[in-house]
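Text of protein.txt (compact mmCIF, C-alpha atoms) as supplied:
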# COMPACT_ATOMS: atom_id res chain seq x y z
CA MET A 231 0.00 0.00 0.00
CA LYS A 232 1.37 3.36 -0.98
CA LEU A 233 1.87 5.91 1.77
CA LYS A 234 0.00 8.98 0.60
CA ARG A 235 -0.65 11.36 3.47
CA VAL A 236 2.56 12.78 4.89
CA GLY A 237 3.04 15.59 7.41
CA VAL A 238 6.17 17.69 7.48
CA ILE A 239 6.76 19.76 10.62
CA GLY A 240 9.22 22.64 10.30
CA VAL A 241 9.72 24.13 6.85
CA GLY A 242 13.11 25.78 7.10
CA VAL A 243 15.80 24.98 4.54
CA ILE A 244 15.75 21.19 4.89
CA GLY A 245 12.03 20.96 5.61
CA VAL A 246 11.20 22.82 2.40
CA GLY A 247 13.34 20.36 0.48
CA VAL A 248 11.47 17.43 2.05
CA VAL A 249 8.10 19.01 1.18
CA GLN A 250 9.24 19.67 -2.39
CA ASP A 251 10.51 16.15 -2.88
CA LEU A 252 7.35 14.54 -1.46
CA ALA A 253 5.05 16.77 -3.55
CA GLN A 254 7.04 16.21 -6.73
CA ASN A 255 6.48 12.52 -6.14
CA SER A 256 2.69 12.98 -5.81
CA HIS A 257 2.27 12.70 -2.05
CA ASN A 258 -0.43 14.63 -0.24
CA VAL A 259 1.74 16.85 1.97
CA LEU A 260 0.70 18.83 5.02
CA ALA A 261 3.44 21.41 5.65
CA ILE A 262 3.41 22.80 9.19
CA ASP A 263 5.35 25.53 10.93
CA ILE A 264 4.59 27.56 14.04
CA ASP A 265 5.62 30.72 12.23
CA GLU A 266 3.30 32.13 9.53
CA ALA A 267 6.20 34.09 8.04
CA VAL A 268 8.22 30.89 7.62
CA LEU A 269 5.25 29.24 5.88
CA GLU A 270 4.92 32.18 3.49
CA ARG A 271 8.62 32.11 2.73
CA ALA A 272 8.42 28.35 2.18
CA GLN A 273 5.65 28.77 -0.43
CA HIS A 274 7.64 31.45 -2.21
CA ASP A 275 10.78 29.34 -2.08
CA LEU A 276 8.96 26.23 -3.30
CA ARG A 277 7.71 28.03 -6.42
CA ARG A 278 11.27 28.96 -7.30
CA ARG A 279 12.70 25.55 -6.52
CA ILE A 280 10.08 23.62 -8.48
CA ARG A 281 10.44 25.94 -11.47
CA VAL A 282 14.16 25.20 -11.86
CA HIS A 283 14.30 21.67 -10.46
CA HIS A 284 14.74 20.08 -13.89
CA LEU A 285 17.88 22.15 -14.54
CA THR A 286 19.92 20.84 -11.65
CA ALA A 287 18.34 17.41 -11.63
CA GLY A 288 19.01 17.05 -15.35
CA THR A 289 15.55 15.54 -15.85
CA GLY A 290 14.74 17.44 -19.01
CA GLN A 291 11.07 18.31 -18.77
CA PRO A 292 10.09 21.19 -16.46
CA LEU A 293 7.51 20.43 -13.76
CA SER A 294 4.20 22.26 -13.50
CA VAL A 295 4.58 24.51 -10.47
CA ALA A 296 0.79 24.64 -10.00
CA ASP A 297 0.47 20.85 -10.13
CA VAL A 298 3.21 20.28 -7.57
CA LEU A 299 1.94 23.01 -5.23
CA GLY A 300 -1.52 21.46 -5.53
CA HIS A 301 -0.24 18.51 -3.51
CA ILE A 302 0.70 20.72 -0.56
CA SER A 303 -1.38 22.32 2.21
CA PHE A 304 0.27 24.85 4.53
CA THR A 305 -0.84 25.38 8.10
CA THR A 306 0.21 26.30 11.63
CA ASP A 307 -2.35 23.89 13.11
CA LEU A 308 -0.82 20.65 14.43
CA ASN A 309 -4.32 19.19 14.91
CA LEU A 310 -4.57 18.66 11.15
CA LEU A 311 -1.95 15.92 11.50
CA LYS A 312 -4.51 13.44 12.78
CA ASP A 313 -5.07 11.79 9.37
CA ARG A 314 -1.36 11.49 8.49
CA GLN A 315 0.24 8.10 7.88
CA PHE A 316 3.78 9.37 8.27
CA ILE A 317 5.23 12.53 9.85
CA ILE A 318 8.69 13.94 9.23
CA GLU A 319 9.82 16.39 11.87
CA ASN A 320 12.41 19.04 10.97
CA VAL A 321 12.21 21.31 14.00
CA THR A 322 15.37 23.19 14.93
CA GLU A 323 18.08 21.12 16.69
CA ASP A 324 16.95 22.16 20.15
CA TRP A 325 15.91 19.39 22.47
CA ASP A 326 13.26 21.33 24.40
CA ALA A 327 11.64 22.51 21.15
CA LYS A 328 11.63 19.01 19.69
CA ARG A 329 10.33 17.37 22.86
CA HIS A 330 7.44 19.82 23.03
CA VAL A 331 6.48 19.01 19.43
CA TYR A 332 6.66 15.23 19.97
CA GLU A 333 4.52 15.38 23.10
CA GLN A 334 1.84 17.25 21.14
CA ILE A 335 1.86 15.18 17.96
CA ASP A 336 1.86 11.96 19.95
CA ARG A 337 -1.52 12.97 21.39
CA ILE A 338 -2.92 14.19 18.05
CA SER A 339 -1.75 11.55 15.56
CA ASP A 340 -3.23 8.18 14.74
CA PRO A 341 -1.51 5.48 16.83
CA SER A 342 -0.31 3.79 13.63
CA CYS A 343 1.42 6.92 12.32
CA VAL A 344 5.22 6.72 12.09
CA PHE A 345 7.33 9.64 13.31
CA ALA A 346 10.62 10.31 11.55
CA ALA A 347 13.01 12.73 13.21
CA ASN A 348 15.17 14.61 10.76
CA THR A 349 18.16 15.38 12.94
CA SER A 350 21.91 15.18 12.73
CA VAL A 351 22.49 15.59 16.45
CA ILE A 352 19.79 14.35 18.82
CA PRO A 353 19.67 10.60 19.60
CA ILE A 354 16.58 8.90 18.15
CA THR A 355 16.15 6.81 21.28
CA LYS A 356 15.87 10.00 23.34
CA ILE A 357 13.26 11.43 20.96
CA ALA A 358 11.27 8.18 21.02
CA ALA A 359 11.16 8.32 24.82
CA ALA A 360 9.17 11.57 24.60
CA THR A 361 6.32 9.61 22.96
CA ASN A 362 4.18 6.59 23.73
CA ARG A 363 5.08 4.99 20.39
CA ALA A 364 8.81 4.31 20.64
CA PRO A 365 8.64 1.36 18.16
CA ARG A 366 7.21 3.75 15.55
CA VAL A 367 9.90 6.44 15.87
CA ILE A 368 12.87 6.44 13.52
CA GLY A 369 15.58 8.83 12.37
CA MET A 370 15.85 10.16 8.81
CA HIS A 371 18.86 12.36 8.23
CA PHE A 372 18.01 14.19 5.01
CA MET A 373 20.73 16.28 3.48
CA ASN A 374 20.56 19.41 1.39
CA PRO A 375 19.36 19.72 -1.34
CA VAL A 376 16.87 16.98 -0.52
CA PRO A 377 15.32 16.46 -4.01
CA LEU A 378 18.74 15.79 -5.53
CA LYS A 379 20.07 13.28 -3.01
CA PRO A 380 19.64 9.61 -3.95
CA ALA A 381 19.96 8.26 -0.41
CA VAL A 382 19.14 9.08 3.20
CA GLU A 383 20.89 8.00 6.39
CA VAL A 384 18.14 6.21 8.33
CA ILE A 385 18.64 5.61 12.04
CA ARG A 386 17.13 2.78 14.02
CA GLY A 387 16.50 3.81 17.62
CA TYR A 388 16.72 1.36 20.49
CA HIS A 389 13.02 0.47 20.26
CA THR A 390 12.40 1.06 16.53
CA SER A 391 10.52 -1.91 15.06
CA ASP A 392 11.31 -3.75 11.84
CA GLU A 393 7.90 -2.71 10.54
CA THR A 394 8.78 0.96 11.05
CA VAL A 395 12.07 0.49 9.23
CA GLU A 396 10.11 -1.07 6.35
CA THR A 397 7.60 1.78 6.31
CA ALA A 398 10.35 4.42 6.27
CA THR A 399 12.20 2.56 3.52
CA GLN A 400 8.99 2.38 1.50
CA LEU A 401 8.37 6.12 1.80
CA LEU A 402 11.93 6.84 0.68
CA SER A 403 11.48 4.46 -2.22
CA GLN A 404 8.39 6.43 -3.24
CA MET A 405 10.70 9.49 -3.27
CA ASN A 406 13.18 7.56 -5.46
CA LYS A 407 15.66 7.35 -2.63
CA SER A 408 17.35 4.47 -0.92
CA ALA A 409 17.72 4.09 2.84
CA ILE A 410 21.10 3.51 4.42
CA LEU A 411 20.19 2.00 7.78
CA VAL A 412 22.47 2.51 10.78
CA ASN A 413 22.05 2.14 14.54
CA ASP A 414 21.52 5.04 16.91
CA SER A 415 24.69 6.67 18.19
CA PRO A 416 25.76 10.31 18.70
CA GLY A 417 26.35 11.87 15.27
CA PHE A 418 25.21 8.59 13.65
CA VAL A 419 27.72 7.75 10.89
CA SER A 420 27.64 10.90 8.77
CA ASN A 421 28.47 13.52 11.35
CA ARG A 422 30.77 11.36 13.44
CA VAL A 423 33.06 10.62 10.50
CA LEU A 424 32.72 13.96 8.70
CA MET A 425 33.32 16.10 11.79
CA LEU A 426 36.47 14.23 12.75
CA THR A 427 37.75 14.57 9.18
CA ILE A 428 37.11 18.31 9.12
CA ASN A 429 38.60 18.72 12.61
CA GLU A 430 41.79 16.91 11.59
CA ALA A 431 42.00 18.97 8.39
CA ALA A 432 41.78 22.10 10.55
CA PHE A 433 44.62 20.74 12.74
CA VAL A 434 46.76 20.12 9.64
CA LEU A 435 46.27 23.76 8.65
CA TYR A 436 46.73 24.98 12.24
CA GLU A 437 50.04 23.13 12.58
CA GLY A 438 51.35 24.60 9.32
CA ILE A 439 51.57 21.27 7.53
CA ALA A 440 49.61 22.47 4.47
CA THR A 441 47.52 25.38 3.26
CA ALA A 442 43.74 25.13 3.01
CA GLN A 443 43.99 24.85 -0.78
CA LYS A 444 46.46 21.99 -0.56
CA VAL A 445 44.42 20.09 2.02
CA ASP A 446 41.30 20.37 -0.16
CA ALA A 447 43.19 19.68 -3.39
CA ILE A 448 44.38 16.34 -1.99
CA PHE A 449 40.80 15.28 -1.35
CA ARG A 450 39.49 16.58 -4.67
CA GLU A 451 42.32 15.71 -7.01
CA CYS A 452 43.80 12.61 -5.36
CA PHE A 453 40.74 11.01 -3.76
CA GLY A 454 38.24 12.31 -6.33
CA HIS A 455 35.90 13.84 -3.73
CA ALA A 456 33.59 16.59 -4.98
CA MET A 457 34.81 18.95 -2.25
CA GLY A 458 37.65 19.01 0.27
CA PRO A 459 36.95 19.01 4.03
CA LEU A 460 37.69 22.70 4.57
CA GLU A 461 35.52 23.79 1.64
CA THR A 462 32.82 21.58 3.12
CA ALA A 463 33.26 23.27 6.51
CA ASP A 464 32.79 26.68 4.88
CA LEU A 465 29.63 25.46 3.18
CA ILE A 466 28.14 23.97 6.37
CA GLY A 467 29.30 26.83 8.60
CA VAL A 468 32.33 26.76 10.91
CA ASP A 469 30.09 27.47 13.94
CA THR A 470 27.94 24.43 13.13
CA ILE A 471 31.08 22.32 12.76
CA LEU A 472 32.42 23.45 16.14
CA ARG A 473 29.07 22.82 17.84
CA SER A 474 28.85 19.33 16.34
CA ILE A 475 32.37 18.38 17.45
CA GLU A 476 31.67 19.68 20.94
CA MET A 477 28.48 17.61 21.00
CA LEU A 478 30.42 14.48 20.01
CA ARG A 479 33.01 15.10 22.73
CA SER A 480 30.30 15.63 25.30
CA GLU A 481 28.31 12.54 24.28
CA PHE A 482 31.28 10.16 24.01
CA GLU A 483 33.40 11.77 26.75
CA ASP A 484 36.35 11.02 24.50
CA SER A 485 39.20 13.48 23.90
CA LYS A 486 39.60 12.35 20.31
CA TYR A 487 36.78 14.79 19.60
CA ARG A 488 38.81 17.74 20.96
CA PRO A 489 38.01 20.69 18.64
CA CYS A 490 40.95 22.26 16.85
CA PRO A 491 41.66 25.66 18.51
CA LEU A 492 41.58 27.27 15.06
CA LEU A 493 37.87 26.45 14.78
CA ARG A 494 37.14 28.28 18.03
CA THR A 495 39.24 31.27 17.00
CA MET A 496 37.43 31.48 13.66
CA VAL A 497 34.03 31.33 15.34
CA ASN A 498 35.03 34.01 17.86
CA ALA A 499 36.29 36.15 14.97
CA GLY A 500 33.02 35.73 13.07
CA GLU A 501 34.70 33.83 10.22
CA LEU A 502 31.94 31.27 9.79
CA GLY A 503 32.39 30.31 6.13
CA ARG A 504 30.31 31.25 3.13
CA LYS A 505 27.46 32.73 5.13
CA SER A 506 29.75 35.35 6.72
CA GLY A 507 31.88 35.96 3.61
CA ARG A 508 35.00 34.39 5.07
CA GLY A 509 36.00 31.10 6.62
CA PHE A 510 38.83 28.88 5.47
CA TYR A 511 38.42 30.79 2.19
CA SER A 512 37.33 34.32 1.44
CA TYR A 513 34.09 34.95 -0.45
CA GLN A 514 34.29 38.73 -0.55
CA GLN A 515 32.92 40.93 -3.28
CA PRO A 516 35.05 40.85 -6.42
CA GLN A 517 37.78 43.41 -6.91
CA THR A 518 37.42 46.17 -9.49
CA ASP A 519 39.50 44.16 -11.94
CA GLY A 520 36.67 41.64 -12.01
CA GLN A 521 38.72 38.89 -10.39
CA GLY A 522 36.95 37.12 -7.53
CA ASP A 523 38.89 37.25 -4.29
CA VAL A 524 38.82 33.53 -3.62
CA HIS A 525 41.90 32.52 -1.69
CA GLY A 526 42.56 30.14 1.11
CA ARG A 527 43.92 30.43 4.62
CA GLU A 528 47.63 29.68 5.00
CA MET P 249 17.84 48.25 -19.82
CA TYR P 250 20.45 49.60 -17.48
CA MET P 251 23.38 47.49 -18.59
CA ASP P 252 24.78 46.06 -21.78
CA ALA P 253 25.41 42.38 -22.42
CA SER P 254 29.12 42.71 -21.72
CA GLU P 255 28.58 44.22 -18.28
CA ALA P 256 25.89 41.65 -17.49
CA ARG P 257 28.23 38.84 -18.47
CA THR P 258 31.04 40.23 -16.31
CA ARG P 259 28.76 40.45 -13.29
CA LEU P 260 27.44 36.97 -13.92
CA GLU P 261 30.96 35.59 -14.25
CA ASP P 262 31.96 37.24 -10.95
CA PHE P 263 28.91 35.74 -9.27
CA VAL P 264 29.58 32.23 -10.57
CA VAL P 265 33.29 32.25 -9.73
CA ARG P 266 32.79 33.74 -6.30
CA SER P 267 29.85 31.65 -5.21
CA LEU P 268 31.37 28.42 -6.47
CA GLY P 269 34.75 29.33 -4.98
CA LYS P 270 36.39 28.33 -8.28
CA PRO P 271 38.73 31.14 -9.43
CA SER P 272 40.11 28.91 -12.18
CA LEU P 273 36.69 28.36 -13.80
CA THR P 274 36.72 29.20 -17.51
CA GLY P 275 33.83 30.29 -19.71
CA SER P 276 33.51 26.84 -21.23
CA ASP P 277 33.66 24.76 -18.02
CA ASN P 278 30.42 22.93 -17.26
CA ILE P 279 29.25 24.29 -13.93
CA PHE P 280 27.06 21.27 -13.27
CA GLU P 281 30.18 19.15 -13.14
CA VAL P 282 32.45 21.15 -10.86
CA GLY P 283 31.38 19.95 -7.46
CA GLU P 284 28.87 19.72 -4.67
CA ALA P 285 28.35 23.49 -4.48
CA THR P 286 26.38 23.38 -7.71
CA SER P 287 23.53 21.47 -6.14
CA LEU P 288 21.20 24.42 -5.54
CA TYR P 289 22.82 26.34 -8.26
CA SER P 290 20.04 26.53 -10.79
CA MET P 291 17.84 28.47 -8.43
CA GLU P 292 20.63 30.81 -7.36
CA LEU P 293 21.59 31.47 -10.97
CA VAL P 294 18.06 32.14 -12.12
CA LEU P 295 17.49 34.47 -9.17
CA PHE P 296 20.73 36.30 -9.88
CA ILE P 297 19.90 36.80 -13.54
CA GLU P 298 16.31 37.86 -12.89
CA GLU P 299 16.70 39.92 -9.73
CA LYS P 300 20.27 41.24 -9.78
CA LEU P 301 20.70 41.68 -13.50
CA GLY P 302 17.04 42.54 -14.06
CA ILE P 303 16.62 40.13 -16.98
CA PRO P 304 13.35 38.18 -16.75
CA LEU P 305 13.54 34.60 -17.97
CA GLU P 306 10.73 32.66 -19.61
CA ASP P 307 10.11 29.02 -18.82
CA GLU P 308 11.48 28.07 -22.24
CA ASP P 309 14.80 29.76 -21.31
CA LEU P 310 15.18 27.35 -18.41
CA GLU P 311 17.02 24.68 -20.32
CA ARG P 312 20.11 23.06 -18.96
CA ASP P 313 22.13 23.94 -22.07
CA ASN P 314 21.54 27.64 -21.39
CA PHE P 315 23.03 27.35 -17.90
CA ALA P 316 25.77 24.77 -18.35
CA THR P 317 28.64 27.24 -18.92
CA ILE P 318 29.33 30.91 -18.36
CA ASP P 319 29.63 31.28 -22.16
CA ALA P 320 26.17 29.75 -22.68
CA MET P 321 24.63 32.00 -20.05
CA GLY P 322 26.38 35.01 -21.60
CA LYS P 323 24.86 34.17 -25.00
CA MET P 324 21.42 33.75 -23.51
CA ILE P 325 21.70 37.10 -21.72
CA GLU P 326 22.88 38.79 -24.92
CA ARG P 327 19.89 37.33 -26.76
CA LYS P 328 17.45 38.43 -24.07
CA LEU P 329 18.84 41.97 -23.96
CA ARG P 330 18.71 42.24 -27.76
CA VAL P 331 14.99 41.47 -27.93
CA SER P 332 13.99 43.52 -24.89
I need this file expressed as structure tokens, please.
Amino acid sequence: MKLKRVGVIGVGVIGVGVVQDLAQNSHNVLAIDIDEAVLERAQHDLRRRIRVHHLTAGTGQPLSVADVLGHISFTTDLNLLKDRQFIIENVTEDWDAKRHVYEQIDRISDPSCVFAANTSVIPITKIAAATNRAPRVIGMHFMNPVPLKPAVEVIRGYHTSDETVETATQLLSQMNKSAILVNDSPGFVSNRVLMLTINEAAFVLYEGIATAQKVDAIFRECFGHAMGPLETADLIGVDTILRSIEMLRSEFEDSKYRPCPLLRTMVNAGELGRKSGRGFYSYQQPQTDGQGDVHGRE
Amino acid sequence: MYMDASEARTRLEDFVVRSLGKPSLTGSDNIFEVGEATSLYSMELVLFIEEKLGIPLEDEDLERDNFATIDAMGKMIERKLRVS
């Protein structure tokens, strides 16, 4: 049986991508946010994203914006979730905010409804404990841009049932994605491995072993990665990287997750990556000679 | 129109190079093949051309071939400015 009625709570950057992907694959989507302004921005953003989706996806034919938007209802009312078969929660990575949402939707939703937490930080087992349906709570770590990613890191919490894993895998299949199932652990696989890689790359730079360009060039040109670790850090945000590494150290109580001092200095200095115009690289306005000022930290 | 095709192309080129962080990008390099940063690129490019350069695009302009390289985008912009 196809899962048709899906709720998406929280329509920030990732949430909008989830809504877009579900609607483009003909699901009936209820998009919820507590903030009317966020919902309005999401609708505006969705129109733009759907209009150009075929360009980046390389799918050829443009989609009908009206048709895709016709699959989506926008609301601030959590009570409308009662007929949903599956709910994907994308609330900000703040435990109190998430717990409050789960306590509410657990009361409102049908007992058979599966809850998927889209998080990169908070343990799924902890989230499940805030509900009375721990076997039907699972983690789905979507990454940006959601409609273009062929796979999702899916996290089985301590109590997550096989049936819930199957349901989540089915929904992803309906979105033309595969599930990569892992067990619950701080940072899961993605963040645990990526953050240590970025942290060590920052140490290499900090210790004067190589410039940022050289570190990234080794990953791009020798390993064939699309981006090097320091470019990736600039894209994600150096503050987010530091927070994630600190979370791993706190959760594991293991000094191997000691953040590189350079990361802290950069955050204190406001050099957060692309979003602030400078991180491991500079993204300042171009010079008058028309040459972009894109150079790396040495 | 407030700018000619040459100025529009220069601004577009600056935008592409800066936002992709690829100073070595040439006019004929395919931007869809130069890395992860291109993933939301279509939307950013269309917004830049429409809102920053003030050149409205029709749905039929939104073909991948028109956006694959800086040269292709420059030609499309030149064409749009000529008929406006």
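Take the candidates P:Glu299, P:Glu311, P:Glu292, P:Glu326 and check each one against chain A using all atoms listed in the file; the shortest distance goes to P:Glu311.
Note that the spacing between CA of Tyr388 (chain A) and CA of Val248 (chain A) amounts to 25.0 Å.
Minimum distance to chain P across A:Leu308, A:Ala432, A:Ile239, A:Leu465 (counting all atoms listed in the file) occurs at A:Leu465.
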Two-atom distance - CA of Met373 (chain A), CA of Phe304 (chain A) (Å): 22.2 Å
Closest to Ser276 (chain P) among P:Leu329, P:Leu310, P:Met324, P:Ala316, using all atoms listed in the file? P:Ala316
Go through chain P and flag each residue having an atom no more than 12 Å from chain A; for those, report the closest pair of atoms plus their distance in Å to one decimal, using all atoms listed in the file, ordered by chain and rising number, as a Markdown table.
| residue | atom | partner | partner_atom | distance |
| --- | --- | --- | --- | --- |
| P:Glu255 | CA | A:Gly520 | CA | 10.6 |
| P:Arg257 | CA | A:Gly520 | CA | 11.0 |
| P:Thr258 | CA | A:Gly520 | CA | 7.2 |
| P:Arg259 | CA | A:Gly520 | CA | 8.1 |
| P:Leu260 | CA | A:Gly520 | CA | 10.5 |
| P:Glu261 | CA | A:Gly520 | CA | 8.6 |
| P:Asp262 | CA | A:Gly522 | CA | 6.1 |
| P:Phe263 | CA | A:Gly522 | CA | 8.3 |
| P:Val264 | CA | A:Gly522 | CA | 9.4 |
| P:Val265 | CA | A:Gly522 | CA | 6.5 |
| P:Arg266 | CA | A:Gly522 | CA | 5.5 |
| P:Ser267 | CA | A:Tyr513 | CA | 7.2 |
| P:Leu268 | CA | A:Tyr513 | CA | 9.3 |
| P:Gly269 | CA | A:Val524 | CA | 6.0 |
| P:Lys270 | CA | A:Val524 | CA | 7.4 |
| P:Pro271 | CA | A:Val524 | CA | 6.3 |
| P:Ser272 | CA | A:Val524 | CA | 9.8 |
| P:Leu273 | CA | A:Gly522 | CA | 10.8 |
| P:Ile279 | CA | A:Thr286 | CA | 10.2 |
| P:Phe280 | CA | A:Thr286 | CA | 7.3 |
| P:Glu281 | CA | A:Ala456 | CA | 9.2 |
| P:Val282 | CA | A:Ala456 | CA | 7.5 |
| P:Gly283 | CA | A:Ala456 | CA | 4.7 |
| P:Glu284 | CA | A:Ala456 | CA | 5.7 |
| P:Ala285 | CA | A:Leu465 | CA | 8.0 |
| P:Thr286 | CA | A:Thr286 | CA | 8.0 |
| P:Ser287 | CA | A:Pro375 | CA | 6.6 |
| P:Leu288 | CA | A:Pro375 | CA | 6.6 |
| P:Tyr289 | CA | A:Thr286 | CA | 7.1 |
| P:Ser290 | CA | A:Thr286 | CA | 5.8 |
| P:Met291 | CA | A:Val282 | CA | 6.0 |
| P:Glu292 | CA | A:Arg278 | CA | 9.5 |
| P:Leu293 | CA | A:Val282 | CA | 9.8 |
| P:Val294 | CA | A:Val282 | CA | 8.0 |
| P:Leu295 | CA | A:Arg278 | CA | 8.5 |
| P:Glu298 | CA | A:Arg278 | CA | 11.7 |
| P:Leu305 | CA | A:Val282 | CA | 11.2 |
| P:Glu306 | CA | A:Arg281 | CA | 10.6 |
| P:Asp307 | CA | A:Arg281 | CA | 8.0 |
| P:Glu308 | CA | A:Pro292 | CA | 9.1 |
| P:Asp309 | CA | A:Val282 | CA | 10.5 |
| P:Leu310 | CA | A:Val282 | CA | 7.0 |
| P:Glu311 | CA | A:Leu285 | CA | 6.4 |
| P:Arg312 | CA | A:Leu285 | CA | 5.0 |
| P:Asp313 | CA | A:Leu285 | CA | 8.8 |
| P:Asn314 | CA | A:Leu285 | CA | 9.5 |
| P:Phe315 | CA | A:Leu285 | CA | 8.1 |
| P:Ala316 | CA | A:Leu285 | CA | 9.1 |
Have a look at CA of Lys356 (chain A) and CA of Gly417 (chain A) and let me know their distance in Å, one decimal. 13.4 Å
Shell of 7 Å around region 240-242 of chain A, all atoms listed in the file, local chain residues under 2 positions omitted, as a list in words: Val238, Ile244, Gly245, Val246, Ala261, Ile262, Asp263, Val268, Leu269, Ala272, Glu319, Asn320 and Val321 of chain A
Shell around region 433-440 of chain A at 9 Å using only C-alpha atoms, local window under 6 positions removed, as a PyMOL selection string: chain A and resi 489-492+527-528
May I ask you to restore N, CA and C atoms in region 458-472 of chain A and write the result as a short mmCIF file (atom, residue, chain, number, x, y, z; two decimals), in the coordinates of the input?
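Output file result.cif is given in full below:
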data_model
loop_
_atom_site.label_atom_id
_atom_site.label_comp_id
_atom_site.auth_asym_id
_atom_site.auth_seq_id
_atom_site.Cartn_x
_atom_site.Cartn_y
_atom_site.Cartn_z
N GLY A 458 36.75 19.33 -0.84
CA GLY A 458 37.65 19.01 0.27
C GLY A 458 36.99 19.30 1.61
N PRO A 459 37.59 18.84 2.72
CA PRO A 459 36.95 19.01 4.03
C PRO A 459 36.83 20.46 4.48
N LEU A 460 37.77 21.30 4.11
CA LEU A 460 37.69 22.70 4.57
C LEU A 460 36.69 23.49 3.74
N GLU A 461 36.59 23.18 2.46
CA GLU A 461 35.52 23.79 1.64
C GLU A 461 34.16 23.37 2.19
N THR A 462 34.07 22.10 2.56
CA THR A 462 32.82 21.58 3.12
C THR A 462 32.47 22.32 4.42
N ALA A 463 33.49 22.55 5.25
CA ALA A 463 33.26 23.27 6.51
C ALA A 463 32.72 24.67 6.23
N ASP A 464 33.28 25.34 5.24
CA ASP A 464 32.79 26.68 4.88
C ASP A 464 31.35 26.64 4.41
N LEU A 465 31.00 25.59 3.69
CA LEU A 465 29.63 25.46 3.18
C LEU A 465 28.65 25.20 4.33
N ILE A 466 29.03 24.31 5.24
CA ILE A 466 28.14 23.97 6.37
C ILE A 466 28.08 25.13 7.37
N GLY A 467 29.20 25.77 7.59
CA GLY A 467 29.30 26.83 8.60
C GLY A 467 30.26 26.37 9.70
N VAL A 468 31.31 27.15 9.95
CA VAL A 468 32.33 26.76 10.91
C VAL A 468 31.73 26.67 12.32
N ASP A 469 30.74 27.53 12.62
CA ASP A 469 30.09 27.47 13.94
C ASP A 469 29.32 26.16 14.12
N THR A 470 28.67 25.71 13.06
CA THR A 470 27.94 24.43 13.13
C THR A 470 28.93 23.28 13.32
N ILE A 471 30.05 23.36 12.63
CA ILE A 471 31.08 22.32 12.76
C ILE A 471 31.57 22.25 14.21
N LEU A 472 31.91 23.42 14.77
CA LEU A 472 32.42 23.45 16.14
C LEU A 472 31.38 22.89 17.12
#
